[in-house]
Each structure stands twice: as structure tokens, then as C-alpha cells.
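Peer 1: Let me give you the structure first, and then I'll get to my questions.
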Amino acid sequence: MRIVCVIGTRPEVIKMAPVILRLRRLERGIVQVLATGQHRSLLDQALADFGLTADDDLALMQPGQTLADLTARAVTALSRTFEERKPDLVLAQGDTTTVFCTALACHYHQIAFGHIEAGLRTGQRYYPFPEEKNRQLASHLAEVHFAPTAGARRNLLREGIESNSVHVSGNTVIDALMMTARRDVEAPVRPKTPRYLLVTAHRRENFGEPLQQICMALRDLVDRYPDLSIVYPVHPNPQVRSVVGDWLNCHDRVHLIEPTSYPEFIALMRGAYALLSDSGGVQEEGPSLGKPVLVLRDETERPEAVAAGTVKLVGPHREAIIEAVRDLCENAEEYKRFARASNPYGDGRAADRIARVLAEQYGVNCGEPDSPIPPWPPTSLDGDRLVD
């Protein structure tokens, strides 16, 4: 059995690492890691955080590339690699162009494709763009689907995906979080104020005016609250750095730092008063740490956290961001409500559930789990539970 795990971005590394390590428990050669090479430095850093290296690197990243250029080159490069490697199964995670291209290349070569974190939807054709359609297209090309929640499973069933191909596993990012949280790592910056907000904002739909609105809100907040600081690891994309630098570079309680390692980012999350982010991963990680998450988007493909009360949508809107942070800073009950809510995304055993399915359906020999695997999700999180 030859398995190739395809990764393109840092979040994909973080969410795929628990699966790769679990599948390699008995034999390293069973799984090969193929990197498409997007945001090279961030990718290498994330791989190193989990003691991984790429067996192949397609180096697809080019300055100023269009989605069409990337898609064409990715499908061609992946196809050539699959011809050489001849995998029996390919796994990829998430919603990037890399994932869609991987699914398409597998289809062309009649290779089984497994989609991790399948079934997330906003229901908006162009939001997020191009991720929403990437997910849908990948779903209709995949042979096996690992949905993080029962709601994601229902999304797939509504789209005509065969029920016996969809397995609710929980989200592998919770596995990664729990693995990493055991390490004793210091945060890269320690603000002198009693509390700080940890911010990440870099999604395509927030480029330009929306990101300016976010930055104006952050500046207003540190002006309003002398005991509050901002920590913002800034993505290397020039469209992010130019705006963030123009609006936030001159305030002494705004700490603009380089992207951190994953262990350092977990340390920052643990110390933060609240998390403001347009990232999907933070929406899943924050609840596990008992941290309120304000989502800098108008829609989310992760509605379970909103329903559970661990996450609030505020969008990239200056006044809405200020009002939501004010409620957290000035209303102790509001803050406690966030911290008490249950995490609907996982229990740290998603990789075990994925390995079990691969063993049963494809004969993958990855050893026995360390302990019995409980069903996911518990009925307390989803009364209409659909678990295989």
C-alpha cells in the first residue's frame, strides 16, 4: 500500500501532520509527503514543528501568479508525480486550489482520493473564494470523505455523496493542538499590558478595504483601553503587509511580528485574552483553549462553533469589531459564556478514526490505537448524531 499525502500550505501541514504520524507508526515508507511549495518558508517551518520533511517538492509558487496559472501547473505537476510514484491512495486536507487539483489529478489517473475535513460549506458560491467551490468539486471527485462534524456529513449527503463513503472523524487540528500543547514553549512576545488580543487576518476576501477596516478597529481599541495590547503575526503576502504596516506600525502597544512556529502560536493563544481571526483553524482551536473567538468574516463554513457559543461572527467591520471586543472587556458574564461553551470540533482522536477507516477499507497497516476510540460527536454536541 502506497499512500501520498499532499500539502500546499501551513494550515494543511498542521492538520495533516497527525494523520501522517499516525499512519507511519509501524512503517515510515507507507506514507510519502508531497509538497506543492506554496509559501515556502511557512511550509518548511510547519513541517519542522512536527519533525516532518517533504519527500517531493513541486515548487509551484510564483510571484503574482493567477489562479488559472496555478491550477494548470498544479494539475500537470501532480499528474507527473503520480505517474512516477504510482500511489494506491492519495490524501489531502481542506479547501485550497492544491486540494482541488489533487482530486482532479487522482481522477484522471483513477487513484483513490481521500478528502480530510470534507463537507464544510457556507452555501455562498463566491464566499469564500475560491475555497467554497474547491471543496464542492473535491467532494465529487473523492472516494472517501472524512467530515469533522455531523453537520459537515449532512452537507455531503445533501449533495448526493454516498453515505457509506462519509465518516465523521472530528477535526485533526484538535489532534495537532493537543500534541503541541504538551510542549513547554514560550510565546515570542510578551506584551506589558494585563491582556492582549491575538489577531490573524490574511484571507483573500479581506484584501483592501476590509483589512483597512480591521486595522482601524484595532487601532481604536488600543486607544480606548490602555490595559490592552495587540499581537499580530503578519502574513508575508504583500497585500497584507502593506495595509497592516500603514495602519498599525506606529503604535507602541501593537506588536507586529513575523509568522511564528505552531508551538509559539499555541503559546500566544493560551496567553491571549481573546482571538480575532479570519482563519478557519483558529475558530476550531480557540474553543479548546477556552478563548473567545471573534471571526473577521461575514460567513463561516464552521457554523457549529457559532451555534455552540464559542465563536461570534463580526465581519471585517470596524464598529462591529469594536463593539464585540468592548462586550468582552466590560462584561464578565459575556466573557465567561464564551469560555464555558463546548468545543464541537474534536477530542484529539481524529487521526485514529481516519486510520481505522483506512485499515478497514484499504488494508492500511498502521498499528492499533493506544486506547479505545470513542464515537464522535457525542450526543451532547449533536442530538441528530450521524456516526459510522
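Labels used: A, B, ... for chains in the order of the C-alpha cells, numbers from 1 for residues in each chain, and numbers from 1 for ligands as shown.
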Using only C-alpha atoms, which residues sit within 8 Å of Asp347 (chain A) once same-chain residues fewer than 3 positions away are excluded, as a list in words?

Peer 2: Gly170, Ile174, Asp175 and Ala350 of chain A

Peer 1: Using only C-alpha atoms, determine which residues lie at most 8 Å from region 130-143 of chain A, disregarding the query and same-chain residues fewer than 6 positions distant; provide the list as a list in words.

Peer 2: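 Those residues are Gly94, Asp95, Thr96, Thr97, Val99, Phe100, Ala103, Leu104, His107, Ala112, Phe113, Gly114, His115, Ala118, Gly119, Leu120, Arg121, Thr122, Gly123, Gln124, Leu156, Ile161 and Ser165 of chain A.
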
Peer 1: If you keep N, CA and C atoms, can you produce a file of those selected residues as a short mmCIF file (atom, residue, chain, number, x, y, z; two decimals), in the first residue's frame?

Peer 2:
```cif
data_model
loop_
_atom_site.label_atom_id
_atom_site.label_comp_id
_atom_site.auth_asym_id
_atom_site.auth_seq_id
_atom_site.Cartn_x
_atom_site.Cartn_y
_atom_site.Cartn_z
N GLY A 94 -8.69 20.00 3.28
CA GLY A 94 -9.12 21.38 3.22
C GLY A 94 -9.71 21.84 1.92
N ASP A 95 -9.39 23.11 1.58
CA ASP A 95 -10.16 23.81 0.54
C ASP A 95 -9.32 24.62 -0.43
N THR A 96 -8.02 24.37 -0.47
CA THR A 96 -7.16 25.18 -1.33
C THR A 96 -7.21 24.69 -2.77
N THR A 97 -6.63 25.49 -3.66
CA THR A 97 -6.51 25.07 -5.06
C THR A 97 -5.70 23.79 -5.16
N VAL A 99 -5.80 21.28 -3.14
CA VAL A 99 -6.68 20.14 -2.84
C VAL A 99 -7.55 19.79 -4.04
N PHE A 100 -8.15 20.79 -4.66
CA PHE A 100 -8.97 20.54 -5.85
C PHE A 100 -8.13 19.91 -6.96
N ALA A 103 -7.39 16.28 -6.24
CA ALA A 103 -8.55 15.43 -6.50
C ALA A 103 -8.73 15.19 -8.00
N LEU A 104 -8.52 16.24 -8.80
CA LEU A 104 -8.69 16.12 -10.24
C LEU A 104 -7.61 15.21 -10.85
N HIS A 107 -8.40 11.68 -10.14
CA HIS A 107 -9.47 11.20 -11.01
C HIS A 107 -8.93 10.83 -12.39
N ALA A 112 -7.54 6.35 -5.91
CA ALA A 112 -8.46 6.69 -4.82
C ALA A 112 -7.99 7.96 -4.12
N PHE A 113 -8.92 8.89 -3.92
CA PHE A 113 -8.61 10.15 -3.23
C PHE A 113 -9.43 10.25 -1.97
N GLY A 114 -8.77 10.52 -0.83
CA GLY A 114 -9.43 10.72 0.45
C GLY A 114 -9.35 12.18 0.86
N HIS A 115 -10.51 12.77 1.15
CA HIS A 115 -10.59 14.19 1.49
C HIS A 115 -10.78 14.35 3.00
N ALA A 118 -13.75 17.22 5.09
CA ALA A 118 -14.72 17.33 3.99
C ALA A 118 -16.06 17.83 4.50
N GLY A 119 -16.82 18.45 3.60
CA GLY A 119 -18.21 18.80 3.88
C GLY A 119 -18.45 20.17 4.45
N LEU A 120 -17.41 20.98 4.63
CA LEU A 120 -17.63 22.35 5.14
C LEU A 120 -18.23 23.21 4.03
N ARG A 121 -19.26 23.97 4.36
CA ARG A 121 -19.93 24.80 3.35
C ARG A 121 -20.43 26.10 3.98
N THR A 122 -20.38 27.18 3.20
CA THR A 122 -21.10 28.41 3.57
C THR A 122 -22.42 28.51 2.81
N GLY A 123 -22.51 27.82 1.67
CA GLY A 123 -23.68 27.95 0.82
C GLY A 123 -23.62 29.17 -0.09
N GLN A 124 -22.51 29.90 -0.06
CA GLN A 124 -22.32 31.09 -0.90
C GLN A 124 -21.31 30.75 -2.01
N LEU A 156 -22.67 16.87 2.86
CA LEU A 156 -22.26 15.97 1.79
C LEU A 156 -23.42 15.10 1.31
N ILE A 161 -23.60 12.74 -2.13
CA ILE A 161 -22.46 11.87 -1.83
C ILE A 161 -22.97 10.61 -1.13
N SER A 165 -19.56 6.37 2.17
CA SER A 165 -18.22 6.89 1.91
C SER A 165 -17.86 8.05 2.84
#
```

Peer 1: Could you check the closest approach to Lys291 (chain A) for each of A:Arg326, A:Glu368, A:Leu198, A:Val357 and tell me which residue wins, using only C-alpha atoms?

Peer 2: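 Of the candidates, the smallest distance to Lys291 (chain A) is held by A:Leu198.
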
Peer 1: Nearest to Leu211 (chain A): which of A:Ala305, A:Val231, A:Val243, A:Cys106 is it, counting only C-alpha atoms?

Peer 2: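 Looking only at the distances to Leu211 (chain A), the closest residue turns out to be A:Val243.
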
Peer 1: Which residues are close to Lys336 (chain A), i.e. within 12 Å by only C-alpha atoms, leaving aside same-chain residues fewer than 2 positions away? Reply as an mmCIF file with C-alpha atoms, in the first residue's frame.

Peer 2:
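File written: out11.cif
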```cif
data_model
loop_
_atom_site.group_PDB
_atom_site.id
_atom_site.type_symbol
_atom_site.label_atom_id
_atom_site.label_comp_id
_atom_site.auth_asym_id
_atom_site.auth_seq_id
_atom_site.Cartn_x
_atom_site.Cartn_y
_atom_site.Cartn_z
ATOM 1 C CA TYR A 273 -7.476 37.490 26.254
ATOM 2 C CA ALA A 274 -9.371 36.855 23.005
ATOM 3 C CA GLY A 290 -11.364 28.352 26.379
ATOM 4 C CA LYS A 291 -10.713 31.533 24.393
ATOM 5 C CA PRO A 292 -13.423 33.706 22.804
ATOM 6 C CA GLY A 309 -21.401 29.960 21.518
ATOM 7 C CA THR A 310 -17.625 29.659 21.236
ATOM 8 C CA ASP A 327 -18.525 43.443 25.345
ATOM 9 C CA LEU A 328 -15.721 41.029 26.212
ATOM 10 C CA CYS A 329 -13.674 43.643 28.050
ATOM 11 C CA GLU A 330 -16.526 45.200 30.031
ATOM 12 C CA ASN A 331 -18.945 42.315 30.574
ATOM 13 C CA ALA A 332 -17.524 39.485 32.667
ATOM 14 C CA GLU A 333 -20.555 37.260 32.101
ATOM 15 C CA GLU A 334 -20.254 37.637 28.340
ATOM 16 C CA PHE A 338 -17.594 32.055 25.590
ATOM 17 C CA ALA A 339 -15.138 30.245 27.853
ATOM 18 C CA ARG A 340 -17.754 27.798 29.161
ATOM 19 C CA ALA A 341 -19.005 26.666 25.747
#
```

Peer 1: Which residues, written as a PyMOL selection string, have at least one atom at most 10 Å from region 206-209 of chain A, with only C-alpha atoms counted and residues fewer than 5 positions away on the same chain left out?

Peer 2: chain A and resi 201+214-215+239-240+242-243+278+296-297+315-317

Peer 1: Take the residues just selected and output them with N, CA and C atoms as a short mmCIF file (atom, residue, chain, number, x, y, z; two decimals), in the first residue's frame.

Peer 2:
```
data_model
loop_
_atom_site.label_atom_id
_atom_site.label_comp_id
_atom_site.auth_asym_id
_atom_site.auth_seq_id
_atom_site.Cartn_x
_atom_site.Cartn_y
_atom_site.Cartn_z
N ALA A 201 -5.22 37.88 10.21
CA ALA A 201 -6.13 38.28 9.12
C ALA A 201 -5.33 38.31 7.83
N ILE A 214 -10.45 46.44 9.52
CA ILE A 214 -9.96 45.65 10.66
C ILE A 214 -8.86 46.41 11.39
N CYS A 215 -7.92 46.96 10.64
CA CYS A 215 -6.79 47.68 11.25
C CYS A 215 -7.25 48.94 11.98
N GLN A 239 -0.01 42.08 -0.07
CA GLN A 239 -1.29 42.77 0.05
C GLN A 239 -1.75 42.86 1.51
N VAL A 240 -1.22 42.01 2.35
CA VAL A 240 -1.49 42.09 3.78
C VAL A 240 -0.49 43.03 4.44
N SER A 242 1.39 45.48 3.37
CA SER A 242 1.35 46.91 3.06
C SER A 242 0.25 47.61 3.85
N VAL A 243 -0.92 47.01 3.95
CA VAL A 243 -2.03 47.63 4.68
C VAL A 243 -1.76 47.63 6.18
N ASP A 278 -9.60 35.64 10.76
CA ASP A 278 -10.38 35.17 9.60
C ASP A 278 -9.95 33.75 9.23
N LEU A 296 -13.47 37.43 11.75
CA LEU A 296 -13.42 38.64 10.91
C LEU A 296 -13.95 38.33 9.51
N ARG A 297 -15.09 37.67 9.47
CA ARG A 297 -15.75 37.30 8.21
C ARG A 297 -17.26 37.42 8.42
N GLY A 315 -17.35 40.00 11.18
CA GLY A 315 -17.01 40.51 9.87
C GLY A 315 -15.83 41.46 9.91
N PRO A 316 -15.41 41.94 8.76
CA PRO A 316 -14.31 42.92 8.70
C PRO A 316 -14.87 44.34 8.82
N HIS A 317 -15.65 44.57 9.87
CA HIS A 317 -16.38 45.83 10.02
C HIS A 317 -15.93 46.55 11.29
#
```

Peer 1: Identify, on the basis of only C-alpha atoms, every residue whose closest approach to Leu218 (chain A) does not exceed 12 Å; exclude the query and any residue fewer than 6 positions from it along the same chain; express the result as a PyMOL selection string.

Peer 2: chain A and resi 196-201+211-212+224-225+228-232+244+247-249+251+253-255+276+296+316-326

Peer 1: Apply DSSP to the backbone of this structure and, from region 138-374 of chain A, keep only the residues in alpha helix (DSSP H); write these as a PyMOL selection string.

Peer 2: chain A and resi 138-139+150-158+172-181+209-224+238-248+262-271+280-288+303-308+318-330+332-340+350-362

Peer 1: Taking only C-alpha atoms into account, name the residue in A:Gly363, A:Pro194, A:Pro236, A:Pro210 that is nearest to Arg40 (chain A).

Peer 2: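 Comparing A:Gly363, A:Pro194, A:Pro236, A:Pro210 against Arg40 (chain A), the winner is A:Pro236.
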